[in-house]
$ cat start_31.txt   # compact mmCIF, C-alpha atoms
# COMPACT_ATOMS: atom_id res chain seq x y z
CA MET A 1 21.78 -14.84 25.63
CA GLU A 2 22.89 -16.62 28.80
CA ASN A 3 19.63 -16.66 30.76
CA PRO A 4 17.56 -19.69 29.64
CA GLU A 5 14.42 -18.33 31.32
CA PHE A 6 14.67 -15.07 29.41
CA GLU A 7 15.35 -16.99 26.21
CA ASN A 8 12.08 -18.85 26.74
CA LEU A 9 10.39 -15.51 27.26
CA THR A 10 11.60 -14.18 23.90
CA THR A 11 10.24 -17.33 22.30
CA LEU A 12 6.83 -16.51 23.75
CA LEU A 13 7.00 -12.93 22.48
CA ASP A 14 7.96 -14.15 19.02
CA SER A 15 5.09 -16.61 18.95
CA GLU A 16 2.21 -16.17 16.53
CA ASN A 17 -0.10 -17.51 19.24
CA GLU A 18 -1.86 -14.66 21.03
CA GLU A 19 -2.02 -16.43 24.41
CA ALA A 20 1.68 -17.23 24.30
CA TYR A 21 2.47 -13.62 23.37
CA ASN A 22 0.35 -12.21 26.20
CA LEU A 23 2.02 -14.56 28.68
CA GLY A 24 5.43 -13.44 27.46
CA LEU A 25 4.42 -9.81 27.92
CA ILE A 26 3.41 -10.43 31.53
CA LEU A 27 6.62 -12.32 32.32
CA ALA A 28 8.76 -9.67 30.59
CA LYS A 29 8.06 -7.21 33.40
CA ASN A 30 10.10 -9.46 35.69
CA TYR A 31 13.13 -9.19 33.40
CA ARG A 32 13.31 -5.47 32.65
CA PRO A 33 17.14 -5.15 32.53
CA GLU A 34 17.46 -8.18 30.25
CA PHE A 35 14.55 -6.95 28.14
CA MET A 36 16.17 -3.54 27.66
CA ASP A 37 19.49 -5.12 26.70
CA TYR A 38 17.90 -7.44 24.17
CA TYR A 39 15.11 -5.31 22.63
CA GLY A 40 16.55 -1.87 23.31
CA CYS A 41 13.30 -0.57 24.77
CA GLU A 42 10.98 -0.80 27.74
CA VAL A 43 8.33 -3.51 27.91
CA GLU A 44 5.59 -0.88 27.58
CA GLU A 45 7.16 0.53 24.40
CA PHE A 46 7.35 -2.96 22.93
CA GLU A 47 3.67 -3.46 23.72
CA GLU A 48 2.75 -0.06 22.23
CA ILE A 49 4.38 -0.69 18.86
CA MET A 50 2.89 -4.19 18.68
CA ILE A 51 -0.60 -2.78 19.30
CA PHE A 52 0.00 -0.18 16.57
CA LEU A 53 1.15 -2.80 14.07
CA LYS A 54 -1.74 -5.10 14.81
CA LYS A 55 -4.28 -2.24 14.65
CA ASN A 56 -3.01 -1.31 11.19
CA LYS A 57 -3.11 -4.93 10.04
CA VAL A 58 0.55 -5.02 9.19
CA TYR A 59 1.51 -8.12 11.09
CA GLY A 60 0.01 -10.31 13.74
CA PHE A 61 1.83 -11.68 16.73
CA GLY A 62 5.30 -12.97 16.07
CA PHE A 63 6.40 -9.84 14.21
CA PRO A 64 10.25 -9.72 14.33
CA LEU A 65 10.75 -6.25 15.80
CA ILE A 66 14.52 -6.48 16.01
CA THR A 67 15.30 -7.86 12.56
CA THR A 68 12.64 -6.40 10.25
CA HIS A 69 13.96 -4.16 7.47
CA ARG A 70 10.72 -3.06 5.81
CA LEU A 71 7.43 -1.62 7.08
CA LEU A 72 4.61 -0.89 4.65
CA LEU A 73 1.85 1.30 6.11
CA ALA A 74 0.29 2.74 2.96
CA ALA A 75 -3.39 3.75 2.97
CA ARG A 76 -4.09 2.99 6.65
CA SER A 77 -5.71 6.37 7.50
CA ILE A 78 -2.83 7.03 9.90
CA LYS A 79 -2.76 10.43 11.59
CA GLU A 80 0.11 9.83 14.01
CA ILE A 81 2.93 7.39 14.70
CA PRO A 82 3.73 6.04 18.18
CA LYS A 83 6.98 7.18 19.75
CA SER A 84 7.95 3.54 20.13
CA ILE A 85 8.52 3.18 16.38
CA TYR A 86 12.22 3.68 17.15
CA VAL A 87 12.10 0.12 18.51
CA LEU A 88 12.34 -0.98 14.87
CA ARG A 89 16.00 -0.07 14.94
CA ASN A 90 16.98 -2.06 11.85
CA LEU A 91 14.20 -0.63 9.69
CA LYS A 92 15.48 0.51 6.30
CA ILE A 93 12.28 1.02 4.29
CA LEU A 94 9.24 2.88 5.60
CA ASP A 95 6.18 3.47 3.43
CA LEU A 96 3.62 5.91 4.87
CA CYS A 97 1.98 7.04 1.64
CA PHE A 98 -1.73 7.79 1.29
CA ASN A 99 -2.38 8.62 4.94
CA TYR A 100 -3.49 11.72 6.86
CA LEU A 101 -0.23 12.98 8.29
CA GLY A 102 -0.32 16.75 8.73
CA LYS A 103 3.35 16.77 9.64
CA MET A 104 6.21 14.36 9.43
CA PRO A 105 6.16 12.31 12.65
CA MET A 106 9.16 13.30 14.78
CA GLU A 107 9.42 9.72 15.94
CA ILE A 108 10.72 8.69 12.51
CA VAL A 109 13.99 10.60 12.94
CA ASN A 110 15.04 8.12 15.62
CA ILE A 111 15.13 5.23 13.15
CA GLU A 112 18.82 5.67 12.51
CA ASN A 113 19.18 2.97 9.84
CA LEU A 114 16.36 4.24 7.63
CA ARG A 115 17.32 4.37 3.93
CA PHE A 116 14.00 4.87 2.10
CA LEU A 117 11.08 7.03 3.26
CA ASP A 118 7.86 7.43 1.27
CA LEU A 119 5.44 10.13 2.46
CA THR A 120 3.44 10.41 -0.76
CA SER A 121 -0.10 11.82 -0.55
CA ASN A 122 -0.24 13.14 2.97
CA ARG A 123 -0.82 16.72 4.10
CA LEU A 124 2.73 17.89 4.65
CA GLU A 125 3.70 21.54 4.34
CA VAL A 126 7.06 21.54 6.14
CA LEU A 127 9.69 19.12 7.41
CA PRO A 128 11.26 19.14 10.89
CA LYS A 129 14.89 20.21 11.15
CA GLU A 130 15.52 16.98 13.03
CA ILE A 131 15.23 15.07 9.76
CA ALA A 132 19.00 15.62 9.56
CA LYS A 133 19.33 12.74 12.02
CA LEU A 134 18.47 10.34 9.20
CA LYS A 135 22.08 10.25 8.06
CA LYS A 136 21.68 7.06 6.01
CA LEU A 137 18.58 8.15 4.08
CA TYR A 138 19.15 7.93 0.32
CA SER A 139 15.59 8.22 -1.02
CA LEU A 140 12.90 10.67 0.08
CA ILE A 141 9.49 10.71 -1.62
CA LEU A 142 7.34 13.77 -0.88
CA LYS A 143 5.04 13.89 -3.90
CA PHE A 144 1.38 14.90 -3.70
CA ASN A 145 1.75 16.99 -0.56
CA MET A 146 1.30 20.70 0.17
CA PHE A 147 4.80 22.19 0.04
CA SER A 148 4.63 25.77 -1.20
CA GLU A 149 8.34 26.29 -0.58
CA PHE A 150 11.28 24.00 -1.11
CA PRO A 151 11.90 22.14 2.20
CA MET A 152 15.38 23.39 3.04
CA GLU A 153 15.72 20.74 5.73
CA VAL A 154 16.44 18.09 3.09
CA LEU A 155 19.73 19.83 2.33
CA LYS A 156 21.12 18.31 5.51
CA LEU A 157 20.63 14.78 4.15
CA LYS A 158 24.14 14.33 2.84
CA ASN A 159 23.58 10.82 1.47
CA LEU A 160 20.38 11.61 -0.42
CA GLU A 161 20.39 10.21 -3.95
CA ASN A 162 16.73 10.47 -4.90
CA LEU A 163 14.44 13.40 -4.07
CA CYS A 164 10.87 13.47 -5.32
CA LEU A 165 8.78 16.64 -4.89
CA GLN A 166 6.31 15.98 -7.67
CA HIS A 167 2.82 17.50 -7.42
CA ASN A 168 3.38 20.17 -4.80
CA GLN A 169 3.14 23.96 -5.07
CA LEU A 170 6.79 24.87 -5.47
CA GLN A 171 7.71 28.03 -7.38
CA SER A 172 11.50 27.84 -7.16
CA ILE A 173 14.47 25.64 -6.29
CA PRO A 174 17.16 27.24 -4.12
CA PRO A 175 20.80 27.43 -5.23
CA GLU A 176 21.68 25.63 -1.98
CA ILE A 177 20.54 22.42 -3.62
CA LYS A 178 24.19 22.03 -4.58
CA LYS A 179 24.73 20.76 -1.04
CA LEU A 180 23.16 17.45 -2.03
CA LYS A 181 26.42 16.15 -3.43
CA LYS A 182 25.20 12.59 -3.96
CA LEU A 183 21.89 13.48 -5.64
CA GLU A 184 21.23 11.41 -8.77
CA THR A 185 17.52 11.93 -9.46
CA LEU A 186 15.42 15.04 -8.87
CA ASN A 187 11.69 14.85 -9.60
CA LEU A 188 9.96 18.26 -9.74
CA LYS A 189 7.02 17.40 -11.98
CA ASN A 190 3.76 19.33 -11.74
CA ASN A 191 4.76 22.35 -9.71
CA TYR A 192 4.93 26.07 -10.63
CA ILE A 193 8.67 26.38 -11.16
CA GLY A 194 9.89 29.04 -13.60
CA SER A 195 13.61 28.23 -13.68
CA LEU A 196 16.21 25.75 -12.49
CA PRO A 197 19.26 27.07 -10.62
CA GLU A 198 22.68 27.00 -12.28
CA GLU A 199 23.97 25.27 -9.15
CA LEU A 200 22.41 22.01 -10.33
CA CYS A 201 25.32 21.84 -12.73
CA GLU A 202 27.68 21.44 -9.76
CA LEU A 203 26.13 18.12 -8.79
CA LYS A 204 28.52 15.61 -10.31
CA ASN A 205 26.30 12.60 -9.66
CA LEU A 206 23.10 14.12 -11.06
CA LYS A 207 21.66 12.00 -13.88
CA GLU A 208 17.96 12.85 -14.23
CA VAL A 209 15.75 15.88 -13.61
CA TYR A 210 12.00 15.69 -14.19
CA ILE A 211 10.35 19.08 -14.78
CA TYR A 212 7.30 18.63 -17.01
CA GLY A 213 4.06 20.05 -15.72
CA ASN A 214 5.74 23.27 -14.57
CA ARG A 215 5.70 26.64 -16.31
CA LYS A 216 5.90 26.27 -20.07
CA ASP A 217 8.70 28.82 -20.30
CA ILE A 218 10.78 27.22 -17.57
CA ILE A 219 14.45 28.18 -17.90
CA ILE A 220 16.91 25.26 -17.95
CA PRO A 221 20.65 25.92 -17.48
CA PRO A 222 22.38 24.97 -20.77
CA LYS A 223 25.26 23.39 -18.85
CA LEU A 224 22.94 20.69 -17.57
CA LYS A 225 22.72 19.13 -21.01
CA GLU A 226 26.46 19.57 -21.48
CA LYS A 227 26.90 17.46 -18.37
CA ARG A 228 24.72 14.79 -20.00
CA VAL A 229 22.03 15.18 -17.40
CA ILE A 230 18.73 13.96 -18.85
CA VAL A 231 16.07 16.65 -18.37
CA TYR A 232 12.54 15.31 -18.89
CA SER A 233 10.47 18.34 -19.88
CA GLU A 234 7.67 16.68 -21.82
$ encode --input "start_31.txt" --output "structure tokens"
Amino acid sequence: MENPEFENLTTLLDSENEEAYNLGLILAKNYRPEFMDYYGCEVEEFEEIMIFLKKNKVYGFGFPLITTHRLLLAARSIKEIPKSIYVLRNLKILDLCFNYLGKMPMEIVNIENLRFLDLTSNRLEVLPKEIAKLKKLYSLILKFNMFSEFPMEVLKLKNLENLCLQHNQLQSIPPEIKKLKKLETLNLKNNYIGSLPEELCELKNLKEVYIYGNRKDIIIPPKLKEKRVIVYSE
């Protein structure tokens, strides 16, 4: 950062003092090119995400937008996410469980470094196809939602290791699940599944499958046990 005046401005924006922060926000509008280069967003987007974070009592002023890796927003009665969430470009962990999301916020797919996403206990029935943009995602938690069909969109998440669909309304798992080559843990507890597909046996990294709470006569491919995959059925 070569501009000392802009460096002073970033100090104001990083301040935990509200007056200093507000002053920094006013001055930032005089340094839009520098602001975009440094924060990767417009001043107004920066302000929007800060208002959202403060409203949800996550952090006060001085929240490190650029460097933060984890954002915990559980049980905040959230119904929507601001588009400016992409400003948190180094975010790796996002917890949105126990909210009122009727659909997965599209804005999330622009957080390219996201690794862990928890959407437990919302009102989700489908996923957007754009979820495929989360190329680094390795853990996706979708338990206690309203999926009546397996969300095929997750099959595009090539680095997914952990998939949790516990407590939904699933009746079957598609053979295409074999596309999740890196999958290690599959949680299907408390659904209405009658059988597991043979294709699960093709997943070389699969270690654990949780199926209790499904149909009592659920059919399990014998080869799964031969592969030393632990199937938790009770």
$ residues_around --input "start_31.txt" --residues "Leu188 in chain A" --least-positions-apart "4" --cutoff "8 Å" --atoms "only C-alpha atoms" --output "VMD selection string"
chain A and resid 164 to 167 209 to 212
$ write_last_selection --input "start_31.txt" --atoms "C-alpha atoms" --output "mmCIF file, in the coordinates of the input"
data_model
loop_
_atom_site.group_PDB
_atom_site.id
_atom_site.type_symbol
_atom_site.label_atom_id
_atom_site.label_comp_id
_atom_site.auth_asym_id
_atom_site.auth_seq_id
_atom_site.Cartn_x
_atom_site.Cartn_y
_atom_site.Cartn_z
ATOM 1 C CA CYS A 164 10.870 13.470 -5.320
ATOM 2 C CA LEU A 165 8.780 16.640 -4.890
ATOM 3 C CA GLN A 166 6.310 15.980 -7.670
ATOM 4 C CA HIS A 167 2.820 17.500 -7.420
ATOM 5 C CA VAL A 209 15.750 15.880 -13.610
ATOM 6 C CA TYR A 210 12.000 15.690 -14.190
ATOM 7 C CA ILE A 211 10.350 19.080 -14.780
ATOM 8 C CA TYR A 212 7.300 18.630 -17.010
#
$ closest_atom_pairs --input "start_31.txt" --of "range 3-85 of chain A" --to "range 102-120 of chain A" --cutoff "8 Å" --atoms "all atoms listed in the file" --output "tab-separated table"
residue	atom	partner	partner_atom	distance
A:Lys79	CA	A:Gly102	CA	7.4
A:Glu80	CA	A:Pro105	CA	6.7
A:Ile81	CA	A:Pro105	CA	6.2
A:Pro82	CA	A:Glu107	CA	7.1
A:Lys83	CA	A:Glu107	CA	5.2
A:Ser84	CA	A:Glu107	CA	7.6
A:Ile85	CA	A:Glu107	CA	6.6
$ closest_residue --input "start_31.txt" --among "A:Asn56, A:Asn122, A:Ser139, A:Asn187" --to "Val231 in chain A" --atoms "only C-alpha atoms"
A:Asn187
$ atom_distance --input "start_31.txt" --atom1 "CA of His69 in chain A" --atom2 "CA of Ile93 in chain A"
6.3 Å
$ atom_distance --input "start_31.txt" --atom1 "CA of Leu94 in chain A" --atom2 "CA of Ser121 in chain A"
14.3 Å
$ decode --input "start_31.txt" --residues "range 29-43 of chain A" --atoms "N, CA and C atoms" --output "compact mmCIF listing (two decimals), in the first residue's frame"
# COMPACT_ATOMS: atom_id res chain seq x y z
N LYS A 29 -15.11 7.22 -0.03
CA LYS A 29 -15.74 7.57 -1.30
C LYS A 29 -14.87 8.47 -2.16
N ASN A 30 -13.80 9.00 -1.55
CA ASN A 30 -12.84 9.81 -2.31
C ASN A 30 -11.69 8.97 -2.85
N TYR A 31 -11.69 7.69 -2.50
CA TYR A 31 -10.60 6.79 -2.91
C TYR A 31 -11.18 5.50 -3.51
N ARG A 32 -12.15 5.63 -4.38
CA ARG A 32 -12.84 4.45 -4.91
C ARG A 32 -11.91 3.47 -5.64
N PRO A 33 -11.02 3.93 -6.52
CA PRO A 33 -10.12 2.96 -7.19
C PRO A 33 -9.25 2.20 -6.20
N GLU A 34 -8.66 2.93 -5.25
CA GLU A 34 -7.81 2.30 -4.24
C GLU A 34 -8.62 1.34 -3.36
N PHE A 35 -9.85 1.77 -3.05
CA PHE A 35 -10.72 0.94 -2.21
C PHE A 35 -11.04 -0.37 -2.90
N MET A 36 -11.36 -0.29 -4.20
CA MET A 36 -11.67 -1.50 -4.97
C MET A 36 -10.47 -2.43 -5.05
N ASP A 37 -9.30 -1.87 -5.24
CA ASP A 37 -8.08 -2.69 -5.33
C ASP A 37 -7.79 -3.40 -4.01
N TYR A 38 -8.03 -2.70 -2.92
CA TYR A 38 -7.67 -3.24 -1.60
C TYR A 38 -8.74 -4.19 -1.05
N TYR A 39 -10.01 -3.77 -1.11
CA TYR A 39 -11.10 -4.56 -0.52
C TYR A 39 -11.81 -5.45 -1.53
N GLY A 40 -11.63 -5.18 -2.80
CA GLY A 40 -12.26 -6.00 -3.82
C GLY A 40 -13.75 -5.77 -3.95
N CYS A 41 -14.22 -4.60 -3.54
CA CYS A 41 -15.65 -4.29 -3.61
C CYS A 41 -15.84 -2.78 -3.62
N GLU A 42 -17.06 -2.37 -3.88
CA GLU A 42 -17.41 -0.96 -3.80
C GLU A 42 -17.60 -0.55 -2.34
N VAL A 43 -17.49 0.74 -2.08
CA VAL A 43 -17.67 1.25 -0.72
C VAL A 43 -19.06 0.87 -0.19
